[in-house]
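Enquirer: The file below is entry_26.pdb, PDB, C-alpha atoms:
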MODEL        1
ATOM      1  CA  MET J   1      88.160  94.416 162.809
ATOM      2  CA  LYS J   2      88.064  92.693 166.193
ATOM      3  CA  SER J   3      89.324  95.802 167.960
ATOM      4  CA  ILE J   4      86.505  97.830 166.453
ATOM      5  CA  LEU J   5      83.908  95.373 167.638
ATOM      6  CA  LYS J   6      85.337  95.270 171.153
ATOM      7  CA  THR J   7      84.956  99.021 171.549
ATOM      8  CA  THR J   8      81.231  98.846 170.781
ATOM      9  CA  ASP J   9      79.258  98.991 174.029
ATOM     10  CA  LEU J  10      75.647  99.941 173.445
ATOM     11  CA  SER J  11      72.443  98.823 175.153
ATOM     12  CA  ILE J  12      70.063  96.637 173.179
ATOM     13  CA  LYS J  13      67.248  98.490 171.426
ATOM     14  CA  LYS J  14      64.315  96.143 170.800
ATOM     15  CA  SER J  15      61.660  98.861 170.747
ATOM     16  CA  PHE J  16      61.281 102.591 170.212
ATOM     17  CA  ASN J  17      58.751 105.132 171.408
ATOM     18  CA  LEU J  18      56.706 106.291 168.435
ATOM     19  CA  ASN J  19      53.799 108.658 168.901
ATOM     20  CA  GLY J  20      53.587 107.683 172.549
ATOM     21  CA  LYS J  21      53.381 103.971 171.769
ATOM     22  CA  LEU J  22      55.983 101.234 172.057
ATOM     23  CA  PHE J  23      57.118 100.106 168.594
ATOM     24  CA  SER J  24      58.786  96.694 168.626
ATOM     25  CA  PHE J  25      61.540  95.329 166.380
ATOM     26  CA  ASP J  26      61.294  91.784 167.749
ATOM     27  CA  LYS J  27      60.259  90.516 164.297
ATOM     28  CA  PRO J  28      61.118  91.782 160.797
ATOM     29  CA  LEU J  29      59.027  94.743 159.624
ATOM     30  CA  ILE J  30      58.156  96.170 156.222
ATOM     31  CA  MET J  31      58.781  99.797 155.263
ATOM     32  CA  GLY J  32      56.849 100.736 152.127
ATOM     33  CA  ILE J  33      58.400 103.225 149.713
ATOM     34  CA  ILE J  34      56.507 106.243 148.397
ATOM     35  CA  ASN J  35      58.602 108.357 146.028
ATOM     36  CA  MET J  36      56.987 111.751 145.348
ATOM     37  CA  THR J  37      59.537 112.340 142.598
ATOM     38  CA  PRO J  38      59.451 112.309 138.790
ATOM     39  CA  ASP J  39      62.834 110.591 138.497
ATOM     40  CA  SER J  40      62.946 107.688 140.944
ATOM     41  CA  PHE J  41      64.927 104.760 139.496
ATOM     42  CA  PHE J  42      61.920 102.378 139.743
ATOM     43  CA  ASP J  43      58.618 104.170 140.195
ATOM     44  CA  GLY J  44      59.335 107.734 139.154
ATOM     45  CA  SER J  45      56.131 109.635 138.328
ATOM     46  CA  LYS J  46      53.909 106.635 139.230
ATOM     47  CA  TYR J  47      52.824 108.012 142.579
ATOM     48  CA  ASN J  48      53.941 111.641 142.557
ATOM     49  CA  SER J  49      50.376 112.937 142.665
ATOM     50  CA  CYS J  50      48.724 112.993 146.073
ATOM     51  CA  ASP J  51      45.677 110.956 145.012
ATOM     52  CA  LYS J  52      47.760 108.193 143.432
ATOM     53  CA  ALA J  53      50.096 108.121 146.421
ATOM     54  CA  LEU J  54      47.195 107.840 148.894
ATOM     55  CA  VAL J  55      45.843 104.820 147.027
ATOM     56  CA  LYS J  56      49.303 103.247 147.078
ATOM     57  CA  ILE J  57      49.707 103.975 150.791
ATOM     58  CA  GLU J  58      46.313 102.457 151.572
ATOM     59  CA  ASN J  59      47.288  99.315 149.674
ATOM     60  CA  MET J  60      50.618  99.113 151.478
ATOM     61  CA  LEU J  61      48.976  99.479 154.884
ATOM     62  CA  ASP J  62      46.319  96.907 153.999
ATOM     63  CA  HIS J  63      49.042  94.482 152.929
ATOM     64  CA  GLY J  64      50.880  94.863 156.232
ATOM     65  CA  ALA J  65      53.410  97.683 155.974
ATOM     66  CA  SER J  66      54.438  98.906 159.424
ATOM     67  CA  ILE J  67      56.112 102.096 158.184
ATOM     68  CA  ILE J  68      55.585 104.284 155.104
ATOM     69  CA  ASP J  69      58.730 106.047 153.882
ATOM     70  CA  ILE J  70      57.964 109.240 151.946
ATOM     71  CA  GLY J  71      60.618 111.013 149.898
ATOM     72  CA  GLY J  72      60.575 114.108 147.719
ATOM     73  CA  CYS J  73      64.165 114.335 146.506
ATOM     74  CA  SER J  74      65.663 111.601 144.347
ATOM     75  CA  THR J  75      68.987 110.237 145.600
ATOM     76  CA  ARG J  76      69.554 107.615 142.912
ATOM     77  CA  PRO J  77      73.128 107.458 141.543
ATOM     78  CA  GLY J  78      73.871 110.442 139.337
ATOM     79  CA  SER J  79      70.824 112.427 140.392
ATOM     80  CA  GLU J  80      70.865 116.191 140.788
ATOM     81  CA  SER J  81      69.608 117.878 143.950
ATOM     82  CA  ILE J  82      66.561 120.137 144.100
ATOM     83  CA  SER J  83      65.710 123.151 146.250
ATOM     84  CA  ILE J  84      64.335 122.829 149.774
ATOM     85  CA  SER J  85      61.118 124.535 148.700
ATOM     86  CA  GLU J  86      60.606 122.084 145.833
ATOM     87  CA  GLU J  87      61.248 119.087 148.078
ATOM     88  CA  TRP J  88      58.699 120.335 150.612
ATOM     89  CA  ILE J  89      56.099 121.071 147.938
ATOM     90  CA  ARG J  90      56.375 117.476 146.788
ATOM     91  CA  ILE J  91      55.770 115.877 150.212
ATOM     92  CA  GLU J  92      53.800 118.359 152.331
ATOM     93  CA  LYS J  93      50.338 117.447 151.068
ATOM     94  CA  ILE J  94      50.837 113.679 151.121
ATOM     95  CA  ILE J  95      52.079 113.798 154.732
ATOM     96  CA  LYS J  96      49.071 115.852 155.830
ATOM     97  CA  GLN J  97      46.600 113.723 153.880
ATOM     98  CA  SER J  98      48.121 110.467 155.114
ATOM     99  CA  ILE J  99      47.763 111.577 158.736
ATOM    100  CA  LYS J 100      44.175 112.642 158.030
ATOM    101  CA  PHE J 101      43.032 109.422 156.350
ATOM    102  CA  PHE J 102      45.235 106.956 158.252
ATOM    103  CA  PRO J 103      45.533 108.320 161.815
ATOM    104  CA  LYS J 104      47.600 105.363 163.062
ATOM    105  CA  ILE J 105      50.124 105.539 160.222
ATOM    106  CA  ILE J 106      53.838 105.682 161.036
ATOM    107  CA  ILE J 107      55.539 107.931 158.492
ATOM    108  CA  SER J 108      59.251 108.019 157.876
ATOM    109  CA  VAL J 109      60.526 110.966 155.841
ATOM    110  CA  ASP J 110      63.424 110.315 153.508
ATOM    111  CA  THR J 111      65.415 113.559 153.633
ATOM    112  CA  PHE J 112      68.915 114.784 154.347
ATOM    113  CA  ARG J 113      67.752 118.340 155.137
ATOM    114  CA  SER J 114      67.047 119.416 158.696
ATOM    115  CA  ASP J 115      64.478 122.005 157.607
ATOM    116  CA  ILE J 116      62.447 119.346 155.780
ATOM    117  CA  ALA J 117      62.826 116.999 158.735
ATOM    118  CA  LYS J 118      61.534 119.656 161.123
ATOM    119  CA  ARG J 119      58.511 120.535 158.989
ATOM    120  CA  ALA J 120      57.677 116.868 158.419
ATOM    121  CA  VAL J 121      57.737 115.978 162.114
ATOM    122  CA  ILE J 122      55.578 118.993 162.948
ATOM    123  CA  GLU J 123      53.033 117.695 160.422
ATOM    124  CA  GLY J 124      53.065 114.216 161.976
ATOM    125  CA  ALA J 125      56.027 112.238 160.654
ATOM    126  CA  SER J 126      57.551 109.855 163.198
ATOM    127  CA  ILE J 127      60.968 108.862 161.796
ATOM    128  CA  ILE J 128      63.733 110.672 159.897
ATOM    129  CA  ASN J 129      65.521 108.614 157.251
ATOM    130  CA  ASP J 130      68.746 110.423 156.338
ATOM    131  CA  ILE J 131      70.910 108.923 153.575
ATOM    132  CA  SER J 132      73.789 111.217 154.526
ATOM    133  CA  GLY J 133      74.036 110.226 158.180
ATOM    134  CA  GLY J 134      74.050 113.911 159.068
ATOM    135  CA  SER J 135      76.939 114.677 156.712
ATOM    136  CA  TYR J 136      74.998 117.012 154.408
ATOM    137  CA  ASP J 137      73.316 119.179 157.049
ATOM    138  CA  SER J 138      75.041 120.098 160.301
ATOM    139  CA  ASN J 139      71.699 120.900 161.968
ATOM    140  CA  MET J 140      70.131 117.476 161.363
ATOM    141  CA  TYR J 141      71.171 115.896 164.663
ATOM    142  CA  LYS J 142      69.933 118.928 166.603
ATOM    143  CA  VAL J 143      66.499 118.717 164.954
ATOM    144  CA  VAL J 144      66.213 114.969 165.563
ATOM    145  CA  SER J 145      67.230 115.488 169.178
ATOM    146  CA  ASN J 146      64.800 118.359 169.749
ATOM    147  CA  PHE J 147      61.846 116.388 168.397
ATOM    148  CA  GLU J 148      62.940 113.085 169.961
ATOM    149  CA  VAL J 149      62.210 110.974 166.900
ATOM    150  CA  PRO J 150      64.023 107.803 165.756
ATOM    151  CA  TYR J 151      66.749 108.339 163.193
ATOM    152  CA  VAL J 152      67.808 106.102 160.306
ATOM    153  CA  LEU J 153      71.583 106.419 160.037
ATOM    154  CA  MET J 154      72.821 105.386 156.597
ATOM    155  CA  HIS J 155      76.326 104.932 155.230
ATOM    156  CA  LEU J 156      77.511 106.489 152.001
ATOM    157  CA  ARG J 157      80.415 108.394 150.485
ATOM    158  CA  GLY J 158      80.166 111.545 148.418
ATOM    159  CA  ILE J 159      76.864 112.813 147.032
ATOM    160  CA  PRO J 160      74.389 111.046 144.718
ATOM    161  CA  LYS J 161      75.939 112.731 141.673
ATOM    162  CA  ASN J 162      79.421 111.267 142.299
ATOM    163  CA  MET J 163      79.022 108.510 144.900
ATOM    164  CA  MET J 164      79.645 105.674 142.435
ATOM    165  CA  GLU J 165      83.135 107.090 141.889
ATOM    166  CA  LYS J 166      83.908 106.538 145.574
ATOM    167  CA  THR J 167      83.891 102.746 145.932
ATOM    168  CA  ASN J 168      87.615 102.288 146.555
ATOM    169  CA  TYR J 169      87.480 100.779 150.065
ATOM    170  CA  GLU J 170      90.407  98.928 151.573
ATOM    171  CA  ASN J 171      87.878  96.870 153.525
ATOM    172  CA  LEU J 172      84.216  97.810 153.217
ATOM    173  CA  MET J 173      83.006  96.116 156.397
ATOM    174  CA  VAL J 174      85.747  97.707 158.480
ATOM    175  CA  GLU J 175      84.774 101.063 156.970
ATOM    176  CA  LEU J 176      81.134 100.459 157.909
ATOM    177  CA  LEU J 177      81.970  99.506 161.472
ATOM    178  CA  LYS J 178      84.203 102.551 161.956
ATOM    179  CA  TYR J 179      81.620 104.843 160.378
ATOM    180  CA  PHE J 180      78.724 103.620 162.510
ATOM    181  CA  SER J 181      80.792 103.573 165.687
ATOM    182  CA  LYS J 182      81.815 107.206 165.175
ATOM    183  CA  LYS J 183      78.343 108.401 164.154
ATOM    184  CA  ILE J 184      76.539 106.580 166.975
ATOM    185  CA  LYS J 185      78.821 108.163 169.557
ATOM    186  CA  LYS J 186      78.091 111.594 168.100
ATOM    187  CA  LEU J 187      74.338 110.910 168.079
ATOM    188  CA  LYS J 188      74.467 109.843 171.721
ATOM    189  CA  LYS J 189      76.080 113.172 172.593
ATOM    190  CA  PHE J 190      72.947 114.804 171.170
ATOM    191  CA  GLY J 191      70.826 112.495 173.323
ATOM    192  CA  ILE J 192      69.703 110.457 170.316
ATOM    193  CA  ASN J 193      69.439 106.792 171.281
ATOM    194  CA  ASP J 194      66.692 105.548 168.959
ATOM    195  CA  VAL J 195      68.901 104.814 165.965
ATOM    196  CA  ILE J 196      68.329 102.452 163.037
ATOM    197  CA  LEU J 197      71.352 101.401 160.982
ATOM    198  CA  ASP J 198      71.233 101.285 157.185
ATOM    199  CA  PRO J 199      74.422 100.047 155.460
ATOM    200  CA  GLY J 200      73.398 101.833 152.266
ATOM    201  CA  PHE J 201      72.999  99.199 149.570
ATOM    202  CA  GLY J 202      73.709 100.778 146.191
ATOM    203  CA  PHE J 203      75.146 103.952 147.710
ATOM    204  CA  ALA J 204      78.865 104.210 146.926
ATOM    205  CA  LYS J 205      79.111 100.413 146.616
ATOM    206  CA  ASP J 206      79.820  98.493 143.434
ATOM    207  CA  TYR J 207      78.213  95.210 142.385
ATOM    208  CA  ASN J 208      80.518  92.901 144.338
ATOM    209  CA  GLN J 209      80.590  95.152 147.401
ATOM    210  CA  ASN J 210      76.798  95.055 147.708
ATOM    211  CA  TYR J 211      76.821  91.268 147.815
ATOM    212  CA  ASP J 212      79.785  91.147 150.174
ATOM    213  CA  MET J 213      77.932  93.531 152.469
ATOM    214  CA  LEU J 214      74.816  91.371 152.368
ATOM    215  CA  LYS J 215      76.872  88.290 153.187
ATOM    216  CA  ASN J 216      78.484  90.020 156.175
ATOM    217  CA  LEU J 217      75.439  91.994 157.341
ATOM    218  CA  SER J 218      75.400  90.158 160.672
ATOM    219  CA  LEU J 219      78.533  92.060 161.724
ATOM    220  CA  LEU J 220      76.343  95.121 162.250
ATOM    221  CA  LYS J 221      74.404  93.240 164.934
ATOM    222  CA  LYS J 222      77.326  94.052 167.248
ATOM    223  CA  PHE J 223      75.821  97.525 167.687
ATOM    224  CA  ASN J 224      72.600  96.019 169.068
ATOM    225  CA  LEU J 225      70.499  98.415 167.017
ATOM    226  CA  PRO J 226      67.797  97.645 164.425
ATOM    227  CA  ILE J 227      69.160  97.125 160.913
ATOM    228  CA  LEU J 228      67.331  98.418 157.843
ATOM    229  CA  VAL J 229      68.100  97.171 154.349
ATOM    230  CA  GLY J 230      66.988  98.911 151.177
ATOM    231  CA  LEU J 231      67.864  96.786 148.172
ATOM    232  CA  SER J 232      64.461  96.648 146.504
ATOM    233  CA  ARG J 233      64.800  96.392 142.701
ATOM    234  CA  LYS J 234      68.190  98.145 142.643
ATOM    235  CA  SER J 235      70.617  97.798 139.732
ATOM    236  CA  PHE J 236      72.790  95.157 141.392
ATOM    237  CA  VAL J 237      69.655  93.057 141.925
ATOM    238  CA  LYS J 238      68.620  93.408 138.278
ATOM    239  CA  LYS J 239      72.134  92.636 137.080
ATOM    240  CA  LYS J 240      72.095  89.305 138.889
ATOM    241  CA  PHE J 241      68.469  88.218 138.498
ATOM    242  CA  GLY J 242      67.212  90.093 135.428
ATOM    243  CA  SER J 243      65.799  93.524 134.713
ATOM    244  CA  SER J 244      62.134  92.644 134.127
ATOM    245  CA  ASN J 245      59.615  93.539 136.823
ATOM    246  CA  VAL J 246      59.050  89.856 137.616
ATOM    247  CA  ASP J 247      62.747  88.977 137.776
ATOM    248  CA  SER J 248      63.769  92.022 139.815
ATOM    249  CA  LEU J 249      60.967  91.315 142.305
ATOM    250  CA  LYS J 250      62.005  87.668 142.645
ATOM    251  CA  GLY J 251      65.593  88.771 143.107
ATOM    252  CA  THR J 252      64.599  91.347 145.725
ATOM    253  CA  ILE J 253      62.675  88.738 147.709
ATOM    254  CA  LYS J 254      65.562  86.264 147.526
ATOM    255  CA  LEU J 255      68.076  88.843 148.763
ATOM    256  CA  ASN J 256      65.715  90.093 151.475
ATOM    257  CA  GLU J 257      65.468  86.513 152.711
ATOM    258  CA  ILE J 258      69.254  86.444 153.066
ATOM    259  CA  ALA J 259      69.164  89.846 154.764
ATOM    260  CA  ILE J 260      66.633  88.644 157.348
ATOM    261  CA  ASN J 261      68.688  85.536 158.053
ATOM    262  CA  ASN J 262      71.718  87.786 158.548
ATOM    263  CA  GLY J 263      70.011  90.112 161.020
ATOM    264  CA  ALA J 264      67.891  92.645 159.122
ATOM    265  CA  ASN J 265      64.970  94.041 161.134
ATOM    266  CA  ILE J 266      63.352  96.307 158.527
ATOM    267  CA  LEU J 267      62.945  95.727 154.797
ATOM    268  CA  ARG J 268      62.482  98.919 152.788
ATOM    269  CA  VAL J 269      60.569  97.801 149.693
ATOM    270  CA  HIS J 270      58.376  98.817 146.772
ATOM    271  CA  ASP J 271      56.331  95.596 146.952
ATOM    272  CA  VAL J 272      54.852  95.184 150.425
ATOM    273  CA  LYS J 273      52.540  92.209 149.926
ATOM    274  CA  GLU J 274      55.146  89.941 148.375
ATOM    275  CA  ASN J 275      57.850  90.744 150.912
ATOM    276  CA  LEU J 276      55.485  90.355 153.864
ATOM    277  CA  PHE J 277      54.646  86.883 152.551
ATOM    278  CA  LEU J 278      58.367  86.133 152.758
ATOM    279  CA  ILE J 279      58.456  87.186 156.413
ATOM    280  CA  ARG J 280      55.378  85.172 157.333
TER     281      ARG J 280
ENDMDL
END
Please render this file's structure as structure tokens.
Expert:
Amino acid sequence: MKSILKTTDLSIKKSFNLNGKLFSFDKPLIMGIINMTPDSFFDGSKYNSCDKALVKIENMLDHGASIIDIGGCSTRPGSESISISEEWIRIEKIIKQSIKFFPKIIISVDTFRSDIAKRAVIEGASIINDISGGSYDSNMYKVVSNFEVPYVLMHLRGIPKNMMEKTNYENLMVELLKYFSKKIKKLKKFGINDVILDPGFGFAKDYNQNYDMLKNLSLLKKFNLPILVGLSRKSFVKKKFGSSNVDSLKGTIKLNEIAINNGANILRVHDVKENLFLIR
């Protein structure tokens, strides 16, 4: 592992250029989740109408969310993919309406498709959040480079349908370090320097691996890039703390506290107000 860390030589990224303004990661930030899907593991169908989603977004912004992450294709374990046209139908209106009603909003689009990423940025999205790290769409890096937007680089194996069958790591943290080192070098070749690292909690990691990853999260600080964690109300949280809404929220907040202490810069959450209270 030491040899991997020694080869990492990247400049510190404390702020990114978003919409012509400097966006700082000096303190932990909240990314609020908006799933425009009928089958999200937590809030499926709750906010998949534009009006309901706008109310949720307004609440998240009022409670202190710095980024709103909008997704139209479920990537929960075992989920099936949908067509590009269906994914765009689900998110097009909410992106346009969010920009209209909240002009200062910073929207991240949760997609692994370059065509969706391109359309979203044209409509006003500022960040691309790609669970596949560019593995599912060979044009993703080119689109991100052309539009000069920050890119969330996540780690996973396989596809959502089979990723939980691919948890046989010899050493998970070594795998993560190798993966990010290789991907970051490739991104830099495309001129992409504004990169956010997401270790991929719940994606091709079993129960113990998620907690081991949380414990060793600080190892990713060697890349000197912002670290995003998305563990809000996931199954490994419910398994440890309880499956009720109250218990899973308490568990999420407890684990996010550990994540912040271990170097996390962005918390991707369903419950903005409660997690912002943790930060403050």
Enquirer: Would you kindly translate the PyMOL selection byres ((chain J and resi 158) around 10) into the concrete residues it picks from this file, as an MDAnalysis selection string?
Expert: chainID J and resid 132 135:136 156:157 159:167 203:204
Enquirer: Counting all atoms listed in the file, figure out which residue out of J:Val174, J:Val152, J:Ile68, J:Val121 gets nearest to J:Ile30.
Expert: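 Closest residue, counting all atoms listed in the file: J:Ile68.
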Enquirer: The PyMOL selection byres ((chain J and resi 115) around 10) on the file shown: which residues, as a PDB file with C-alpha atoms, keeping the file's coordinate frame?
Expert:
ATOM      1  CA  ILE J  84      64.335 122.829 149.774  1.00  0.00           C
ATOM      2  CA  SER J  85      61.118 124.535 148.700  1.00  0.00           C
ATOM      3  CA  TRP J  88      58.699 120.335 150.612  1.00  0.00           C
ATOM      4  CA  THR J 111      65.415 113.559 153.633  1.00  0.00           C
ATOM      5  CA  PHE J 112      68.915 114.784 154.347  1.00  0.00           C
ATOM      6  CA  ARG J 113      67.752 118.340 155.137  1.00  0.00           C
ATOM      7  CA  SER J 114      67.047 119.416 158.696  1.00  0.00           C
ATOM      8  CA  ILE J 116      62.447 119.346 155.780  1.00  0.00           C
ATOM      9  CA  ALA J 117      62.826 116.999 158.735  1.00  0.00           C
ATOM     10  CA  LYS J 118      61.534 119.656 161.123  1.00  0.00           C
ATOM     11  CA  ARG J 119      58.511 120.535 158.989  1.00  0.00           C
ATOM     12  CA  ALA J 120      57.677 116.868 158.419  1.00  0.00           C
ATOM     13  CA  ASP J 137      73.316 119.179 157.049  1.00  0.00           C
ATOM     14  CA  ASN J 139      71.699 120.900 161.968  1.00  0.00           C
ATOM     15  CA  MET J 140      70.131 117.476 161.363  1.00  0.00           C
ATOM     16  CA  VAL J 143      66.499 118.717 164.954  1.00  0.00           C
TER      17      VAL J 143
END
Enquirer: One decimal, Å: what's the distance from atom CA of J:Gly202 over to atom CA of J:Arg233, could you say?
Expert: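 Computed distance, atom CA of J:Gly202 to atom CA of J:Arg233, equals 10.5 Å.
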Enquirer: Rounded to one decimal, what separation in Å do you get between atom CA of J:Leu219 and atom CA of J:Asn171?
Expert: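 Answer for the atom CA of J:Leu219 to atom CA of J:Asn171 separation: 13.3 Å.
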Enquirer: Kindly give the distance, in Å, that separates atom CA of J:Phe223 and atom CA of J:Ile279, rounded to a single decimal.
Expert: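 Interatomic distance here is 23.1 Å.
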Enquirer: Return as a list in words the set of residues that the PyMOL selection byres ((chain J and resi 244-251) around 10) yields on the displayed structure.
Expert: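 With the PyMOL selection byres ((chain J and resi 244-251) around 10) on this model, the match is Phe42, Leu231, Ser232, Arg233, Lys234, Ser235, Phe236, Val237, Lys238, Lys239, Lys240, Phe241, Gly242, Ser243, Thr252, Ile253, Lys254, Leu255, Asn256, Glu257, Val269, His270, Asp271, Glu274 and Asn275 of chain J.
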